[in-house]
Amino acid sequence: MSIPFLDLRAGYVELQSELEEAMLRSLRSGWYIGGEDVDRFEASFADYVGAKHCVGLSNGLDALHLGLRALGVGEGDEVIVPSNTYIATWLAASYRGATPVPVEPDPRTYNLAPTRIEEKITPRTKAIIAVHLHGQPADMDPILDIARKHGIKVLEDGAQAHGAEYRGKRIGGHGDAVTWSYYPGKNLGAFGDAGSLTTNDDAVADSVRMLRNYGSREKYVNVETGYNCRLDPVQAAALSVKLKHLDAWNARRQRIAAIYTEGLASTGLVLPHVPDWATPAWHLYVVLSEQRDELQRRLQAKGVGTLIHYPIPPHLQGAYASMGMSRGELPIAERLAAQTLSLPIGPQLTEDDAYRVVEAIKQSL
Ligand SMILES: *Cc1c(COP(=O)(O)O)cnc(C)c1O
């Protein structure tokens, strides 16, 4: 048996002729920065998520960084971030000279616990970054209520949540802005690095467009110290093709998730909890086990690939050593890091393989 965690090549092969046609057309156009392919993808992704604007960017981290800057976060500010996220969420705050202030997640959904946010708000708090971790939507209504009450901004990190819905509406236009990564392994993935920001706020969209292009709206007129964070047109051409298949591919992920949820129900593993207001995108299917490392080894021996998202929480990384946080300070994030295991999931994983994964897990416990 050989079941990889994710087979990116299989996704390419499935759409090969459509992708190659679109990418070749882009290459042959003679236009390699911005242009029609980028405009077309931005318009269709904005439409897909239900936002007024989509600004194509270089990757998800740059999207978070430019998003925070456009929302007014700067030197000395504080940004509320989940304690259990990919480090990019924290790094974006650090890039702005702001301090990431971790808040522990709800222990059942692994997403930012709204009840723990207010105790961390100070006069310096400028924004909250809500991450839709594993493709499970965060509980946006209470988060937005708290932000409005305190006059702070909400940036959503949608890197794992393309197509996920919160209370029947796709992630993309709830908060002040949403950032997206199209890293190859995401639900909507490019063939290299790519990202975007969606928003309903005209000023935020205009600001991010200016910042991504050297702080310039008009060629050689630079109004701010901007960056080069543009979306590559060949990637945009590929993303336009893949966007048309996103719902169908997410439906396959959902089917794999259903097989796991049913098959693993009586194993004692902690399975994903899906609140009734959530329609996850199933970027990851994560189980918790106190014998996680042993389980992962046994599955590997049977040919089943799994990954750990993420083994070290940001506050215990060398990158944040200067914050002086020690083990035990964020116990939920630390427990998740020790117990979390991501099972194989992806649009090209067959249902038969999902049943085989279930059997392999049962034999490994
Ligand atoms: C992938 C990811 C990012 C970073 O995206 P890149 O495109 O790799 O920069 C940020 N946040 C989360 C939650 C992610 O999963």
# chains A, B, ... in the order shown; residues from 1 in each chain; ligands from 1

$ residues_around --residues "Ile361 in chain A" --least-positions-apart "6" --cutoff "12 Å" --atoms "only C-alpha atoms" --output "list in words"
Tyr260, Gly263, Leu264, Ala265, Ser266, Thr267, Gly268, Leu269, Val287, Ser289, Arg292, Glu294, Leu295, Gln296, Arg297, Arg298, Leu299, Gln300, Ala301, Lys302, Gly303, Val304, Gly305, Thr306, Leu341, Leu343, Pro344, Ala354 and Tyr355 of chain A

$ residues_around --residues "Glu14 in chain A" --least-positions-apart "2" --cutoff "12 Å" --atoms "only C-alpha atoms" --output "JSON, numbers by chain"
{"A": [7, 8, 9, 10, 11, 12, 16, 17, 18, 19, 20, 241, 242, 245, 249, 347, 348]}

$ write_last_selection --atoms "all heavy atoms" --output "compact mmCIF listing (two decimals), in the first residue's frame"
# COMPACT_ATOMS: atom_id res chain seq x y z
N ASP A 7 -1.13 14.12 -3.34
CA ASP A 7 -0.47 13.90 -4.62
C ASP A 7 -0.73 15.10 -5.54
O ASP A 7 -1.74 15.16 -6.24
CB ASP A 7 -1.01 12.60 -5.25
CG ASP A 7 -0.27 12.23 -6.53
OD1 ASP A 7 0.55 13.04 -7.01
OD2 ASP A 7 -0.52 11.13 -7.05
N LEU A 8 0.20 16.05 -5.52
CA LEU A 8 0.00 17.29 -6.29
C LEU A 8 0.05 17.02 -7.80
O LEU A 8 -0.67 17.65 -8.58
CB LEU A 8 1.07 18.32 -5.93
CG LEU A 8 0.86 19.05 -4.61
CD1 LEU A 8 2.03 19.98 -4.35
CD2 LEU A 8 -0.45 19.83 -4.61
N ARG A 9 0.90 16.08 -8.20
CA ARG A 9 1.02 15.78 -9.62
C ARG A 9 -0.29 15.25 -10.20
O ARG A 9 -0.67 15.59 -11.32
CB ARG A 9 2.15 14.76 -9.83
CG ARG A 9 2.69 14.74 -11.22
CD ARG A 9 3.72 13.62 -11.40
NE ARG A 9 3.35 12.82 -12.56
CZ ARG A 9 3.52 13.23 -13.82
NH1 ARG A 9 4.07 14.38 -14.06
NH2 ARG A 9 3.13 12.47 -14.82
N ALA A 10 -1.02 14.47 -9.40
CA ALA A 10 -2.29 13.91 -9.87
C ALA A 10 -3.29 15.03 -10.17
O ALA A 10 -4.10 14.93 -11.11
CB ALA A 10 -2.87 12.95 -8.83
N GLY A 11 -3.23 16.10 -9.40
CA GLY A 11 -4.11 17.24 -9.65
C GLY A 11 -3.75 17.94 -10.96
O GLY A 11 -4.63 18.39 -11.70
N TYR A 12 -2.47 18.00 -11.23
CA TYR A 12 -2.02 18.60 -12.49
C TYR A 12 -2.46 17.73 -13.68
O TYR A 12 -3.04 18.22 -14.65
CB TYR A 12 -0.49 18.74 -12.48
CG TYR A 12 0.07 19.24 -13.78
CD1 TYR A 12 -0.18 20.54 -14.20
CD2 TYR A 12 0.81 18.40 -14.61
CE1 TYR A 12 0.31 20.99 -15.42
CE2 TYR A 12 1.30 18.85 -15.81
CZ TYR A 12 1.06 20.15 -16.22
OH TYR A 12 1.53 20.60 -17.41
N GLN A 16 -4.58 18.56 -17.06
CA GLN A 16 -3.40 18.90 -17.85
C GLN A 16 -3.69 19.70 -19.12
O GLN A 16 -3.09 20.75 -19.36
CB GLN A 16 -2.63 17.63 -18.22
CG GLN A 16 -1.30 17.92 -18.90
CD GLN A 16 -0.40 16.69 -18.92
OE1 GLN A 16 -0.76 15.63 -18.40
NE2 GLN A 16 0.76 16.83 -19.51
N SER A 17 -4.63 19.25 -19.95
CA SER A 17 -4.81 19.93 -21.25
C SER A 17 -5.37 21.35 -21.04
O SER A 17 -4.90 22.29 -21.67
CB SER A 17 -5.67 19.11 -22.19
OG SER A 17 -6.91 18.84 -21.59
N GLU A 18 -6.33 21.48 -20.13
CA GLU A 18 -6.89 22.81 -19.84
C GLU A 18 -5.83 23.76 -19.29
O GLU A 18 -5.73 24.92 -19.68
CB GLU A 18 -7.96 22.67 -18.75
CG GLU A 18 -9.39 22.81 -19.18
CD GLU A 18 -10.28 22.75 -17.94
OE1 GLU A 18 -10.41 21.65 -17.35
OE2 GLU A 18 -10.83 23.79 -17.56
N LEU A 19 -5.02 23.22 -18.35
CA LEU A 19 -3.98 24.05 -17.73
C LEU A 19 -2.93 24.48 -18.73
O LEU A 19 -2.53 25.64 -18.79
CB LEU A 19 -3.31 23.29 -16.59
CG LEU A 19 -4.11 23.15 -15.30
CD1 LEU A 19 -3.49 22.10 -14.39
CD2 LEU A 19 -4.19 24.50 -14.58
N GLU A 20 -2.48 23.51 -19.53
CA GLU A 20 -1.39 23.82 -20.46
C GLU A 20 -1.86 24.81 -21.53
O GLU A 20 -1.11 25.71 -21.93
CB GLU A 20 -0.82 22.53 -21.05
CG GLU A 20 -0.04 21.78 -19.98
CD GLU A 20 0.57 20.46 -20.43
OE1 GLU A 20 0.37 20.06 -21.60
OE2 GLU A 20 1.25 19.83 -19.60
N VAL A 241 -8.26 28.49 -14.34
CA VAL A 241 -8.70 27.14 -14.73
C VAL A 241 -9.12 26.36 -13.49
O VAL A 241 -10.19 25.76 -13.42
CB VAL A 241 -7.57 26.39 -15.48
CG1 VAL A 241 -7.92 24.92 -15.64
CG2 VAL A 241 -7.30 27.05 -16.82
N LYS A 242 -8.26 26.38 -12.46
CA LYS A 242 -8.52 25.55 -11.28
C LYS A 242 -9.72 26.04 -10.48
O LYS A 242 -10.43 25.24 -9.86
CB LYS A 242 -7.26 25.47 -10.40
CG LYS A 242 -6.15 24.68 -11.09
CD LYS A 242 -4.98 24.42 -10.19
CE LYS A 242 -5.22 23.25 -9.25
NZ LYS A 242 -4.02 23.00 -8.39
N HIS A 245 -12.95 24.34 -11.03
CA HIS A 245 -13.07 22.98 -10.49
C HIS A 245 -13.09 22.94 -8.97
O HIS A 245 -13.19 21.87 -8.37
CB HIS A 245 -11.91 22.11 -11.00
CG HIS A 245 -11.88 22.00 -12.50
ND1 HIS A 245 -12.60 21.04 -13.19
CD2 HIS A 245 -11.27 22.76 -13.44
CE1 HIS A 245 -12.40 21.20 -14.49
NE2 HIS A 245 -11.59 22.23 -14.67
N TRP A 249 -13.87 19.78 -6.51
CA TRP A 249 -12.74 19.20 -5.77
C TRP A 249 -12.98 19.26 -4.26
O TRP A 249 -12.61 18.34 -3.53
CB TRP A 249 -11.42 19.91 -6.17
CG TRP A 249 -10.91 19.47 -7.52
CD1 TRP A 249 -11.64 18.88 -8.51
CD2 TRP A 249 -9.56 19.56 -7.99
NE1 TRP A 249 -10.82 18.61 -9.59
CE2 TRP A 249 -9.54 19.02 -9.30
CE3 TRP A 249 -8.38 20.06 -7.46
CZ2 TRP A 249 -8.38 18.96 -10.07
CZ3 TRP A 249 -7.22 20.01 -8.22
CH2 TRP A 249 -7.22 19.45 -9.53
N PRO A 347 -8.31 16.08 -3.48
CA PRO A 347 -9.33 15.76 -4.49
C PRO A 347 -9.00 14.50 -5.28
O PRO A 347 -9.90 13.89 -5.85
CB PRO A 347 -9.33 16.98 -5.42
CG PRO A 347 -8.48 18.00 -4.78
CD PRO A 347 -7.67 17.38 -3.71
N GLN A 348 -7.74 14.13 -5.36
CA GLN A 348 -7.38 12.97 -6.17
C GLN A 348 -7.23 11.70 -5.32
O GLN A 348 -6.93 10.63 -5.86
CB GLN A 348 -6.10 13.23 -6.97
CG GLN A 348 -6.35 14.10 -8.20
CD GLN A 348 -6.57 15.57 -7.85
OE1 GLN A 348 -5.97 16.09 -6.91
NE2 GLN A 348 -7.44 16.25 -8.57

$ closest_residue --among "A:Ser94, A:Asp157, A:Ala63, A:Arg255" --to "Ser322 in chain A" --atoms "only C-alpha atoms"
A:Ser94

$ residues_around --residues "Ser44 in chain A" --least-positions-apart "2" --cutoff "12 Å" --atoms "only C-alpha atoms" --output "list of chain:residue names"
A:Asp37, A:Val38, A:Asp39, A:Arg40, A:Phe41, A:Glu42, A:Ala46, A:Asp47, A:Tyr48, A:Val49, A:Gly50, A:Ala51, A:Lys52, A:His53, A:Cys54, A:Val55, A:Gly56, A:Thr198, A:Ala236, A:Ala237, A:Leu239, A:Ser240, A:Val241, A:Lys242, A:Leu243, A:Lys244

$ residues_around --residues "Ala203 in chain A" --least-positions-apart "6" --cutoff "10 Å" --atoms "only C-alpha atoms" --output "list in words"
Ala70, Leu71 and Arg209 of chain A

$ residues_around --residues "range 312-316 of chain A" --least-positions-apart "3" --cutoff "12 Å" --atoms "only C-alpha atoms" --output "PyMOL selection string"
chain A and resi 81-91+99-104+308-309+319-340

$ select_by_dssp --residues "range 149-354 of chain A" --states "strand (DSSP E or B)" --output "PyMOL selection string"
chain A and resi 153-157+165-166+169-170+177-181+195-199+213+216-218+221-222+228+230+270+278-279+285-288+304+307+340-343

$ residues_near_ligand --ligand "ligand 1" --cutoff "7 Å" --atoms "only C-alpha atoms and all ligand atoms" --output "JSON, numbers by chain"
{"A": [59, 60, 61, 62, 85, 86, 88, 89, 131, 133, 157, 158, 159, 160, 181, 182, 183, 193, 194, 195]}

$ write_last_selection --atoms "C-alpha atoms" --output "PDB file, in the first residue's frame"
ATOM      1  CA  ASN A  59       1.846  34.782  -1.701  1.00  0.00           C
ATOM      2  CA  GLY A  60      -0.210  34.415   1.456  1.00  0.00           C
ATOM      3  CA  LEU A  61       2.363  35.916   3.812  1.00  0.00           C
ATOM      4  CA  ASP A  62       2.699  39.060   1.694  1.00  0.00           C
ATOM      5  CA  THR A  85      -1.541  28.849  13.611  1.00  0.00           C
ATOM      6  CA  TYR A  86       1.055  28.637  10.899  1.00  0.00           C
ATOM      7  CA  ALA A  88       2.977  33.321   8.765  1.00  0.00           C
ATOM      8  CA  THR A  89       0.081  34.813  10.723  1.00  0.00           C
ATOM      9  CA  VAL A 131      -7.490  32.092  10.868  1.00  0.00           C
ATOM     10  CA  LEU A 133      -7.638  26.717  10.363  1.00  0.00           C
ATOM     11  CA  ASP A 157      -6.414  34.419   7.079  1.00  0.00           C
ATOM     12  CA  GLY A 158      -8.236  32.297   4.498  1.00  0.00           C
ATOM     13  CA  ALA A 159      -5.146  30.395   3.320  1.00  0.00           C
ATOM     14  CA  GLN A 160      -6.783  27.051   4.174  1.00  0.00           C
ATOM     15  CA  SER A 181      -2.585  31.760  -0.278  1.00  0.00           C
ATOM     16  CA  TYR A 182      -2.474  29.754  -3.499  1.00  0.00           C
ATOM     17  CA  TYR A 183       0.565  27.765  -2.375  1.00  0.00           C
ATOM     18  CA  ASP A 193       3.832  30.880  -4.986  1.00  0.00           C
ATOM     19  CA  ALA A 194       0.738  33.076  -5.328  1.00  0.00           C
ATOM     20  CA  GLY A 195      -1.803  34.840  -3.108  1.00  0.00           C
TER      21      GLY A 195
END

$ select_by_dssp --residues "range 9-71 of chain A" --states "alpha helix (DSSP H)" --output "number ranges by chain"
A: 9-14, 16-28, 36-49, 60-70

$ atom_distance --atom1 "CA of Thr199 in chain A" --atom2 "CA of Thr179 in chain A"
8.9 Å

$ closest_residue --among "A:Leu349, A:Ile3, A:Val223, A:Leu188" --to "Arg252 in chain A" --atoms "only C-alpha atoms"
A:Leu349

$ closest_residue --among "A:Met1, A:Ala22, A:Ala281, A:Leu144" --to "His162 in chain A" --atoms "only C-alpha atoms"
A:Ala281
